[in-house]
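Just model.txt here, compact mmCIF, C-alpha atoms (C1' of nucleotides):
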```
# COMPACT_ATOMS: atom_id res chain seq x y z
CA MET E 515 -22.84 30.68 56.61
CA ASP E 516 -23.08 34.33 57.44
CA SER E 517 -19.32 34.29 57.86
CA TYR E 518 -19.12 34.85 54.13
CA LYS E 519 -20.96 37.56 52.35
CA LEU E 520 -23.41 35.65 50.21
CA PRO E 521 -22.85 37.94 47.24
CA GLY E 522 -19.39 38.09 45.76
CA ALA E 523 -17.72 34.75 46.25
CA TYR E 524 -21.00 32.96 45.74
CA LYS E 525 -21.69 34.81 42.56
CA LEU E 526 -18.33 33.68 41.24
CA PHE E 527 -19.00 30.12 42.26
CA PHE E 528 -22.38 29.96 40.57
CA GLY E 529 -21.26 32.00 37.61
CA THR E 530 -18.51 29.50 36.92
CA LEU E 531 -21.08 26.76 36.51
CA ALA E 532 -23.73 28.85 34.77
CA ASN E 533 -22.42 28.10 31.31
CA ASP E 534 -23.19 25.22 29.00
CA SER E 535 -19.67 24.85 27.67
CA ARG E 536 -18.16 24.59 31.12
CA LEU E 537 -20.91 22.25 32.23
CA LYS E 538 -20.22 20.02 29.26
CA ILE E 539 -16.55 19.92 30.18
CA VAL E 540 -17.40 19.17 33.79
CA ASN E 541 -19.73 16.41 32.74
CA LEU E 542 -17.10 14.94 30.44
CA LEU E 543 -14.51 14.90 33.19
CA ARG E 544 -16.86 12.90 35.37
CA HIS E 545 -15.92 9.94 33.22
CA GLY E 546 -12.23 10.38 33.91
CA SER E 547 -9.48 12.96 33.54
CA LYS E 548 -8.51 14.25 30.12
CA ASN E 549 -6.00 16.55 28.48
CA VAL E 550 -6.99 19.66 26.54
CA THR E 551 -6.87 18.04 23.12
CA GLU E 552 -9.01 15.16 24.29
CA ILE E 553 -11.52 17.59 25.74
CA CYS E 554 -11.65 19.44 22.44
CA HIS E 555 -12.31 16.27 20.49
CA ALA E 556 -14.90 14.94 22.90
CA THR E 557 -16.83 18.19 23.09
CA GLY E 558 -16.28 19.55 19.61
CA PHE E 559 -15.15 22.85 21.11
CA GLU E 560 -12.36 25.05 19.86
CA GLN E 561 -9.04 24.73 21.66
CA SER E 562 -8.68 28.29 22.93
CA MET E 563 -12.25 28.26 24.15
CA VAL E 564 -11.59 25.10 26.09
CA SER E 565 -8.45 26.59 27.61
CA HIS E 566 -10.27 29.75 28.67
CA ASN E 567 -13.02 27.74 30.29
CA LEU E 568 -10.68 25.28 31.98
CA LYS E 569 -8.77 28.20 33.40
CA MET E 570 -11.92 29.53 35.01
CA LEU E 571 -12.90 26.13 36.36
CA GLU E 572 -9.44 25.67 37.76
CA TYR E 573 -9.28 29.09 39.33
CA HIS E 574 -12.45 28.25 41.21
CA GLY E 575 -11.19 24.89 42.41
CA MET E 576 -13.60 22.84 40.35
CA VAL E 577 -10.94 21.06 38.37
CA PHE E 578 -7.29 20.27 38.99
CA VAL E 579 -4.40 20.25 36.50
CA ALA E 580 -1.36 18.05 36.29
CA LYS E 581 1.50 18.61 33.88
CA LYS E 582 2.35 15.50 31.92
CA GLY E 583 5.12 16.40 29.51
CA LYS E 584 3.65 18.65 26.91
CA PHE E 585 0.14 17.69 27.94
CA ARG E 586 -2.01 18.97 30.72
CA GLN E 587 -4.29 16.53 32.35
CA TYR E 588 -7.43 18.02 33.83
CA SER E 589 -9.46 16.19 36.45
CA LEU E 590 -12.63 16.99 38.28
CA ASN E 591 -12.90 17.99 41.91
CA GLU E 592 -15.28 15.13 42.64
CA LYS E 593 -15.50 16.06 46.28
CA THR E 594 -17.44 19.19 45.42
CA ILE E 595 -19.10 18.26 42.18
CA LYS E 596 -20.61 14.94 43.16
CA PRO E 597 -22.67 16.13 46.13
CA LEU E 598 -23.48 19.32 44.29
CA VAL E 599 -24.98 17.47 41.39
CA GLU E 600 -26.91 15.15 43.70
CA LEU E 601 -28.34 18.11 45.54
CA ILE E 602 -29.42 19.85 42.38
CA ASP E 603 -30.90 16.70 40.90
CA ALA E 604 -33.03 16.30 44.00
CA HIS E 605 -34.06 19.94 43.82
CA MET E 606 -34.98 19.74 40.18
CA LYS E 607 -36.97 16.56 40.53
CA GLN E 608 -39.07 18.17 43.20
CA TYR E 609 -39.39 21.80 42.19
CA CYS E 610 -38.45 22.28 38.57
CA CYS E 611 -40.68 20.00 36.55
CA LYS E 612 -41.31 22.83 34.13
CA ILE E 613 -37.64 23.34 33.45
CA LEU E 614 -36.85 19.69 33.03
CA GLU E 615 -39.73 19.13 30.66
CA GLY E 616 -39.00 22.14 28.55
CA LYS E 617 -35.28 22.34 28.47
CA ARG E 618 -33.49 19.04 28.30
CA MET Y 299 -27.07 11.85 37.45
CA ASP Y 300 -26.66 11.16 33.81
CA SER Y 301 -30.41 10.97 33.63
CA TYR Y 302 -30.35 14.71 33.12
CA LYS Y 303 -28.24 16.43 30.58
CA LEU Y 304 -25.85 18.42 32.66
CA PRO Y 305 -26.13 21.44 30.38
CA GLY Y 306 -29.52 23.08 30.05
CA ALA Y 307 -31.37 22.63 33.29
CA TYR Y 308 -28.17 22.98 35.27
CA LYS Y 309 -27.22 26.14 33.50
CA LEU Y 310 -30.56 27.61 34.49
CA PHE Y 311 -30.13 26.51 38.07
CA PHE Y 312 -26.69 28.03 38.43
CA GLY Y 313 -27.57 31.07 36.38
CA THR Y 314 -30.39 31.87 38.75
CA LEU Y 315 -27.94 32.11 41.62
CA ALA Y 316 -25.11 33.75 39.69
CA ASN Y 317 -26.27 37.27 40.43
CA ASP Y 318 -25.55 39.52 43.38
CA SER Y 319 -29.02 40.99 43.60
CA ARG Y 320 -30.71 37.61 43.72
CA LEU Y 321 -28.14 36.34 46.19
CA LYS Y 322 -28.81 39.32 48.41
CA ILE Y 323 -32.53 38.57 48.29
CA VAL Y 324 -31.91 34.91 49.03
CA ASN Y 325 -29.70 35.81 51.95
CA LEU Y 326 -32.29 38.22 53.28
CA LEU Y 327 -35.01 35.60 53.13
CA ARG Y 328 -32.89 33.28 55.23
CA HIS Y 329 -33.93 35.44 58.18
CA GLY Y 330 -37.63 34.95 57.50
CA SER Y 331 -40.19 35.49 54.77
CA LYS Y 332 -40.91 38.99 53.47
CA ASN Y 333 -43.19 40.76 51.03
CA VAL Y 334 -41.91 42.69 48.04
CA THR Y 335 -41.98 46.08 49.69
CA GLU Y 336 -40.08 44.77 52.68
CA ILE Y 337 -37.51 43.23 50.39
CA CYS Y 338 -37.10 46.55 48.60
CA HIS Y 339 -36.56 48.41 51.84
CA ALA Y 340 -34.16 45.86 53.28
CA THR Y 341 -32.04 45.63 50.15
CA GLY Y 342 -32.34 49.15 48.83
CA PHE Y 343 -33.34 47.73 45.43
CA GLU Y 344 -35.91 49.15 43.08
CA GLN Y 345 -39.35 47.51 43.18
CA SER Y 346 -39.54 46.31 39.59
CA MET Y 347 -36.06 44.91 39.79
CA VAL Y 348 -36.98 42.98 42.88
CA SER Y 349 -40.09 41.62 41.19
CA HIS Y 350 -38.16 40.49 38.14
CA ASN Y 351 -35.60 38.73 40.28
CA LEU Y 352 -38.17 37.14 42.56
CA LYS Y 353 -39.95 35.83 39.53
CA MET Y 354 -36.83 34.09 38.37
CA LEU Y 355 -36.10 32.66 41.80
CA GLU Y 356 -39.66 31.42 42.03
CA TYR Y 357 -39.70 29.91 38.58
CA HIS Y 358 -36.68 27.85 39.57
CA GLY Y 359 -38.20 26.68 42.84
CA MET Y 360 -35.82 28.60 45.06
CA VAL Y 361 -38.49 30.71 46.71
CA PHE Y 362 -42.19 30.25 47.27
CA VAL Y 363 -44.95 32.88 47.15
CA ALA Y 364 -48.11 33.20 49.16
CA LYS Y 365 -50.81 35.78 48.45
CA LYS Y 366 -51.77 37.76 51.53
CA GLY Y 367 -54.37 40.29 50.44
CA LYS Y 368 -52.62 42.84 48.34
CA PHE Y 369 -49.25 41.62 49.52
CA ARG Y 370 -47.13 38.75 48.36
CA GLN Y 371 -45.09 36.97 50.92
CA TYR Y 372 -41.93 35.35 49.60
CA SER Y 373 -40.15 32.62 51.49
CA LEU Y 374 -37.02 30.64 50.87
CA ASN Y 375 -36.86 27.01 49.83
CA GLU Y 376 -34.69 26.15 52.79
CA LYS Y 377 -34.59 22.50 51.85
CA THR Y 378 -32.44 23.30 48.83
CA ILE Y 379 -30.67 26.44 49.90
CA LYS Y 380 -29.37 25.35 53.27
CA PRO Y 381 -27.40 22.28 52.14
CA LEU Y 382 -26.32 24.12 49.02
CA VAL Y 383 -24.78 26.93 50.98
CA GLU Y 384 -23.08 24.49 53.36
CA LEU Y 385 -21.59 22.62 50.46
CA ILE Y 386 -20.28 25.76 48.82
CA ASP Y 387 -18.89 27.12 52.05
CA ALA Y 388 -16.94 23.91 52.53
CA HIS Y 389 -15.73 24.06 48.95
CA MET Y 390 -14.64 27.65 49.22
CA LYS Y 391 -12.82 27.17 52.49
CA GLN Y 392 -10.78 24.40 50.94
CA TYR Y 393 -10.22 25.43 47.35
CA CYS Y 394 -10.92 29.09 46.87
CA CYS Y 395 -8.71 30.96 49.28
CA LYS Y 396 -7.81 33.40 46.52
CA ILE Y 397 -11.42 34.26 45.84
CA LEU Y 398 -12.35 34.69 49.46
CA GLU Y 399 -9.37 36.88 50.17
CA GLY Y 400 -9.87 39.07 47.15
CA LYS Y 401 -13.56 39.33 46.85
CA ARG Y 402 -15.47 39.49 50.09
C1' DT U 473 -66.24 54.10 42.95
C1' DA U 474 -62.19 57.05 43.00
C1' DA U 475 -57.88 57.11 44.95
C1' DT U 476 -54.15 54.63 46.77
C1' DC U 477 -51.04 50.99 47.60
C1' DA U 478 -48.62 46.59 46.20
C1' DT U 479 -46.86 44.06 42.71
C1' DA U 480 -46.04 42.62 37.85
C1' DT U 481 -44.60 43.09 33.13
C1' DG U 482 -42.57 44.35 28.45
C1' DA U 483 -39.23 46.64 26.03
C1' DA U 484 -35.06 49.41 25.81
C1' DA U 485 -30.71 50.58 27.60
C1' DA U 486 -26.73 49.38 30.28
C1' DC U 487 -23.78 45.99 31.59
C1' DT U 488 -21.42 41.43 31.81
C1' DT U 489 -19.72 37.36 30.02
C1' DA U 490 -18.49 34.11 26.20
C1' DT U 491 -16.36 33.03 22.08
C1' DT U 492 -13.28 33.84 18.47
C1' DC U 493 -9.09 35.10 16.25
C1' DA U 494 -4.41 35.89 16.08
C1' DT U 495 -0.52 34.90 18.25
C1' DA U 496 2.64 33.54 22.09
C1' DT U 497 4.90 30.02 24.94
C1' DA U 498 6.43 25.55 26.26
C1' DT U 499 7.60 20.89 25.28
C1' DT U 500 8.88 17.30 22.38
C1' DT U 501 10.50 15.01 18.27
C1' DA U 502 12.99 14.66 13.81
C1' DT Q 939 18.13 23.27 16.43
C1' DA Q 940 14.17 23.47 13.29
C1' DA Q 941 9.69 21.80 12.96
C1' DA Q 942 5.78 20.08 15.05
C1' DT Q 943 2.56 19.54 18.75
C1' DA Q 944 0.04 21.10 22.97
C1' DT Q 945 -1.69 24.66 25.46
C1' DA Q 946 -2.30 29.58 26.95
C1' DT Q 947 -3.38 34.38 26.45
C1' DG Q 948 -5.00 39.18 25.10
C1' DA Q 949 -7.95 41.83 22.66
C1' DA Q 950 -12.00 42.31 19.81
C1' DT Q 951 -16.46 40.94 18.70
C1' DA Q 952 -20.56 38.51 19.63
C1' DA Q 953 -23.95 36.92 22.71
C1' DG Q 954 -26.42 36.99 26.86
C1' DT Q 955 -28.19 38.98 31.18
C1' DT Q 956 -29.62 42.71 34.31
C1' DT Q 957 -31.54 46.83 35.37
C1' DT Q 958 -34.40 50.57 34.39
C1' DC Q 959 -38.37 53.00 32.91
C1' DA Q 960 -42.95 53.42 31.78
C1' DT Q 961 -47.00 51.46 32.52
C1' DA Q 962 -50.39 47.76 33.60
C1' DT Q 963 -53.00 44.96 36.89
C1' DG Q 964 -55.09 43.75 41.14
C1' DA Q 965 -56.45 44.51 45.88
C1' DT Q 966 -57.81 47.72 49.39
C1' DT Q 967 -59.29 51.80 51.62
C1' DA Q 968 -61.58 56.37 51.94
```
Before we go any further, please render this structure as structure tokens.
Amino acid sequence: MDSYKLPGAYKLFFGTLANDSRLKIVNLLRHGSKNVTEICHATGFEQSMVSHNLKMLEYHGMVFVAKKGKFRQYSLNEKTIKPLVELIDAHMKQYCCKILEGKR
Amino acid sequence: MDSYKLPGAYKLFFGTLANDSRLKIVNLLRHGSKNVTEICHATGFEQSMVSHNLKMLEYHGMVFVAKKGKFRQYSLNEKTIKPLVELIDAHMKQYCCKILEGKR
DNA sequence: TAATCATATGAAAACTTATTCATATATTTA
DNA sequence: TAAATATATGAATAAGTTTTCATATGATTA
């Protein structure tokens, strides 16, 4: 792991997920891929905000896009997200009782 | 995983690691536990800044503290950090060539 | 117990990131 | 091809986070 400088790339990785709007989008996409309009409706977020956030998620490899006519279908990178979420769930159950009680 | 709301607790988790100073501290502690003064020397960071950041890391269960007289020895929660870093490394190698090229 | 050393803390200032707004682009349909 | 629909983008503002500074607290040593 020392092959990468921990700061820098890691900061970008974590920063991409350190945002409630993006997390909500990520969570939504766990139930299946969606286009931008569908994401807007499901989340209640503004279209340009969704696009900005999807762009960031895509740039960091957390979601993929596919052109479908005038639509763009976004899907989750399950390969990363699934184990990541499992890992964090385990962490939180064990170490973050305070956070879970207070903040969900 | 739907037992937790993805936003909220997750945002706090990722937010805690989305910072270069904290990542540098985390990386340092991978080589063994250290007290605050040692962390300051090794990182070049200001003492109060280190304390603030350690507090956040500790609150989120990423480091542990042990009182040793007037010192406080901080150690890493390897159980979480190790698999986390492995996961992200794998992710970055596969999906984030751009980031790694540009930013390390 | 006074002085010193180690660490913590609150509030302000500096910095970063997110959201919004206006508008542009691309695709499709009438 | 004009109008409508879907999405993207840049720049400005708003919101949030980090760092700094001054100082407080707690333990130890002289």
Could you name the residues that touch region 481-492 of chain U at 8 Å or less, counting all atoms listed in the file, but leaving out those on the same chain fewer than 6 positions away, as a list in words? Met563 of chain E; DT951, DA952, DA953, DG954, DT955, DT956, DT957, DT958 and DA962 of chain Q
Report the closest atom pair, with its distance in Å rounded to one decimal, for each residue of chain U that has an atom no farther than 8 Å from chain E; count only C-alpha atoms (C1' of nucleotides), sort by chain and then rising residue number, and write it as a Markdown table.
```
| residue | atom | partner | partner_atom | distance |
| --- | --- | --- | --- | --- |
| U:DT491 | C1' | E:Met563 | CA | 6.6 |
| U:DA498 | C1' | E:Lys584 | CA | 7.5 |
| U:DT499 | C1' | E:Lys584 | CA | 4.8 |
| U:DT500 | C1' | E:Lys584 | CA | 7.0 |
```
Can those selected residues be exported to a file as a PDB file, in the coordinates of the input so that it contains C-alpha atoms (C1' of nucleotides)?
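Here's the written file selection27.pdb:
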```
ATOM      1  C1'  DT U 491     -16.360  33.030  22.080  1.00  0.00           C
ATOM      2  C1'  DA U 498       6.430  25.550  26.260  1.00  0.00           C
ATOM      3  C1'  DT U 499       7.600  20.890  25.280  1.00  0.00           C
ATOM      4  C1'  DT U 500       8.880  17.300  22.380  1.00  0.00           C
TER       5       DT U 500
END
```
Quick one: residues within 10 Å of region 939-941 of chain Q, all atoms listed in the file counted, chain neighbours fewer than 2 positions away excluded, as number ranges by chain? U: 501-502; Q: 943
Hey, which bits of chain Q sit within 10 Å of chain E, and for each residue what's the closest pair of atoms and how far apart in Å (one decimal), counting only C-alpha atoms (C1' of nucleotides), rows by chain and increasing number, as a tab-separated table?
```
residue	atom	partner	partner_atom	distance
Q:DT943	C1'	E:Lys584	CA	8.3
Q:DA944	C1'	E:Lys584	CA	5.9
Q:DT945	C1'	E:Ser565	CA	7.4
Q:DA946	C1'	E:Ser565	CA	6.9
Q:DT947	C1'	E:His566	CA	8.6
```
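Here CA of Leu321 (chain Y) stands at a distance of 7.6 Å from CA of Lys525 (chain E).
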Write out chain E, as an mmCIF file with C-alpha atoms, in the coordinates of the input, after superposing it onto chain Y by least squares using every C-alpha atom paired in order.
```cif
data_model
loop_
_atom_site.group_PDB
_atom_site.id
_atom_site.type_symbol
_atom_site.label_atom_id
_atom_site.label_comp_id
_atom_site.auth_asym_id
_atom_site.auth_seq_id
_atom_site.Cartn_x
_atom_site.Cartn_y
_atom_site.Cartn_z
ATOM 1 C CA MET E 515 -26.987 11.986 37.457
ATOM 2 C CA ASP E 516 -26.591 11.188 33.814
ATOM 3 C CA SER E 517 -30.364 10.958 33.646
ATOM 4 C CA TYR E 518 -30.348 14.700 33.131
ATOM 5 C CA LYS E 519 -28.277 16.417 30.550
ATOM 6 C CA LEU E 520 -25.831 18.408 32.619
ATOM 7 C CA PRO E 521 -26.118 21.429 30.346
ATOM 8 C CA GLY E 522 -29.487 23.084 30.033
ATOM 9 C CA ALA E 523 -31.358 22.639 33.271
ATOM 10 C CA TYR E 524 -28.159 22.961 35.241
ATOM 11 C CA LYS E 525 -27.212 26.124 33.478
ATOM 12 C CA LEU E 526 -30.559 27.598 34.445
ATOM 13 C CA PHE E 527 -30.134 26.503 38.021
ATOM 14 C CA PHE E 528 -26.688 28.019 38.386
ATOM 15 C CA GLY E 529 -27.548 31.056 36.333
ATOM 16 C CA THR E 530 -30.391 31.853 38.692
ATOM 17 C CA LEU E 531 -27.957 32.101 41.571
ATOM 18 C CA ALA E 532 -25.114 33.730 39.652
ATOM 19 C CA ASN E 533 -26.289 37.242 40.381
ATOM 20 C CA ASP E 534 -25.563 39.476 43.332
ATOM 21 C CA SER E 535 -29.027 40.977 43.532
ATOM 22 C CA ARG E 536 -30.719 37.605 43.660
ATOM 23 C CA LEU E 537 -28.158 36.330 46.128
ATOM 24 C CA LYS E 538 -28.820 39.304 48.361
ATOM 25 C CA ILE E 539 -32.531 38.569 48.251
ATOM 26 C CA VAL E 540 -31.903 34.912 48.992
ATOM 27 C CA ASN E 541 -29.677 35.810 51.888
ATOM 28 C CA LEU E 542 -32.266 38.222 53.249
ATOM 29 C CA LEU E 543 -34.987 35.606 53.110
ATOM 30 C CA ARG E 544 -32.861 33.286 55.200
ATOM 31 C CA HIS E 545 -33.852 35.445 58.137
ATOM 32 C CA GLY E 546 -37.542 34.948 57.490
ATOM 33 C CA SER E 547 -40.126 35.487 54.772
ATOM 34 C CA LYS E 548 -40.854 38.966 53.482
ATOM 35 C CA ASN E 549 -43.151 40.758 51.075
ATOM 36 C CA VAL E 550 -41.898 42.683 48.051
ATOM 37 C CA THR E 551 -41.936 46.085 49.712
ATOM 38 C CA GLU E 552 -40.016 44.774 52.686
ATOM 39 C CA ILE E 553 -37.453 43.229 50.373
ATOM 40 C CA CYS E 554 -37.059 46.540 48.581
ATOM 41 C CA HIS E 555 -36.476 48.416 51.810
ATOM 42 C CA ALA E 556 -34.085 45.863 53.241
ATOM 43 C CA THR E 557 -31.993 45.615 50.097
ATOM 44 C CA GLY E 558 -32.295 49.134 48.760
ATOM 45 C CA PHE E 559 -33.318 47.732 45.383
ATOM 46 C CA GLU E 560 -35.919 49.147 43.055
ATOM 47 C CA GLN E 561 -39.336 47.513 43.170
ATOM 48 C CA SER E 562 -39.565 46.306 39.578
ATOM 49 C CA MET E 563 -36.067 44.907 39.781
ATOM 50 C CA VAL E 564 -36.993 42.965 42.873
ATOM 51 C CA SER E 565 -40.119 41.623 41.195
ATOM 52 C CA HIS E 566 -38.186 40.511 38.121
ATOM 53 C CA ASN E 567 -35.633 38.730 40.252
ATOM 54 C CA LEU E 568 -38.184 37.131 42.558
ATOM 55 C CA LYS E 569 -40.001 35.844 39.519
ATOM 56 C CA MET E 570 -36.867 34.093 38.337
ATOM 57 C CA LEU E 571 -36.141 32.655 41.764
ATOM 58 C CA GLU E 572 -39.686 31.426 42.018
ATOM 59 C CA TYR E 573 -39.738 29.907 38.571
ATOM 60 C CA HIS E 574 -36.716 27.860 39.552
ATOM 61 C CA GLY E 575 -38.215 26.685 42.822
ATOM 62 C CA MET E 576 -35.820 28.596 45.028
ATOM 63 C CA VAL E 577 -38.471 30.686 46.692
ATOM 64 C CA PHE E 578 -42.185 30.242 47.276
ATOM 65 C CA VAL E 579 -44.944 32.874 47.178
ATOM 66 C CA ALA E 580 -48.085 33.210 49.214
ATOM 67 C CA LYS E 581 -50.787 35.768 48.537
ATOM 68 C CA LYS E 582 -51.706 37.731 51.626
ATOM 69 C CA GLY E 583 -54.300 40.288 50.614
ATOM 70 C CA LYS E 584 -52.583 42.837 48.484
ATOM 71 C CA PHE E 585 -49.185 41.620 49.616
ATOM 72 C CA ARG E 586 -47.110 38.751 48.412
ATOM 73 C CA GLN E 587 -45.050 36.979 50.947
ATOM 74 C CA TYR E 588 -41.911 35.361 49.606
ATOM 75 C CA SER E 589 -40.116 32.620 51.503
ATOM 76 C CA LEU E 590 -37.002 30.642 50.847
ATOM 77 C CA ASN E 591 -36.859 27.015 49.810
ATOM 78 C CA GLU E 592 -34.677 26.132 52.783
ATOM 79 C CA LYS E 593 -34.588 22.497 51.813
ATOM 80 C CA THR E 594 -32.440 23.296 48.804
ATOM 81 C CA ILE E 595 -30.674 26.437 49.869
ATOM 82 C CA LYS E 596 -29.397 25.342 53.250
ATOM 83 C CA PRO E 597 -27.426 22.286 52.129
ATOM 84 C CA LEU E 598 -26.353 24.121 49.015
ATOM 85 C CA VAL E 599 -24.814 26.920 50.985
ATOM 86 C CA GLU E 600 -23.130 24.488 53.371
ATOM 87 C CA LEU E 601 -21.634 22.614 50.465
ATOM 88 C CA ILE E 602 -20.306 25.736 48.832
ATOM 89 C CA ASP E 603 -18.927 27.101 52.078
ATOM 90 C CA ALA E 604 -16.979 23.893 52.546
ATOM 91 C CA HIS E 605 -15.745 24.065 48.969
ATOM 92 C CA MET E 606 -14.658 27.651 49.272
ATOM 93 C CA LYS E 607 -12.863 27.163 52.548
ATOM 94 C CA GLN E 608 -10.814 24.410 51.014
ATOM 95 C CA TYR E 609 -10.248 25.446 47.422
ATOM 96 C CA CYS E 610 -10.979 29.114 46.945
ATOM 97 C CA CYS E 611 -8.779 30.992 49.371
ATOM 98 C CA LYS E 612 -7.876 33.411 46.614
ATOM 99 C CA ILE E 613 -11.475 34.281 45.918
ATOM 100 C CA LEU E 614 -12.440 34.697 49.526
ATOM 101 C CA GLU E 615 -9.481 36.912 50.275
ATOM 102 C CA GLY E 616 -9.940 39.092 47.261
ATOM 103 C CA LYS E 617 -13.636 39.361 46.863
ATOM 104 C CA ARG E 618 -15.591 39.582 50.065
#
```
With all atoms listed in the file counted, which protein, DNA or RNA residues have an atom no more than 12 Å from (-28.4, 34.9, 40.1) in the file frame? Please answer as a ChimeraX atom specification. /E:520-522,524-532 /Y:309-325,350-356,358,360 /Q:955-956
Quote the spacing between CA of Val579 (chain E) and CA of Leu598 (chain E) in Å to one decimal place. 20.6 Å
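In this model, the gap between CA of Tyr588 (chain E) and CA of Gly558 (chain E) comes to 16.8 Å.
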From the set E:Lys607, E:Leu543, E:Ala523, E:Thr557, which residue has the shortest atom-to-atom contact distance to chain Y, counting only C-alpha atoms? E:Ala523
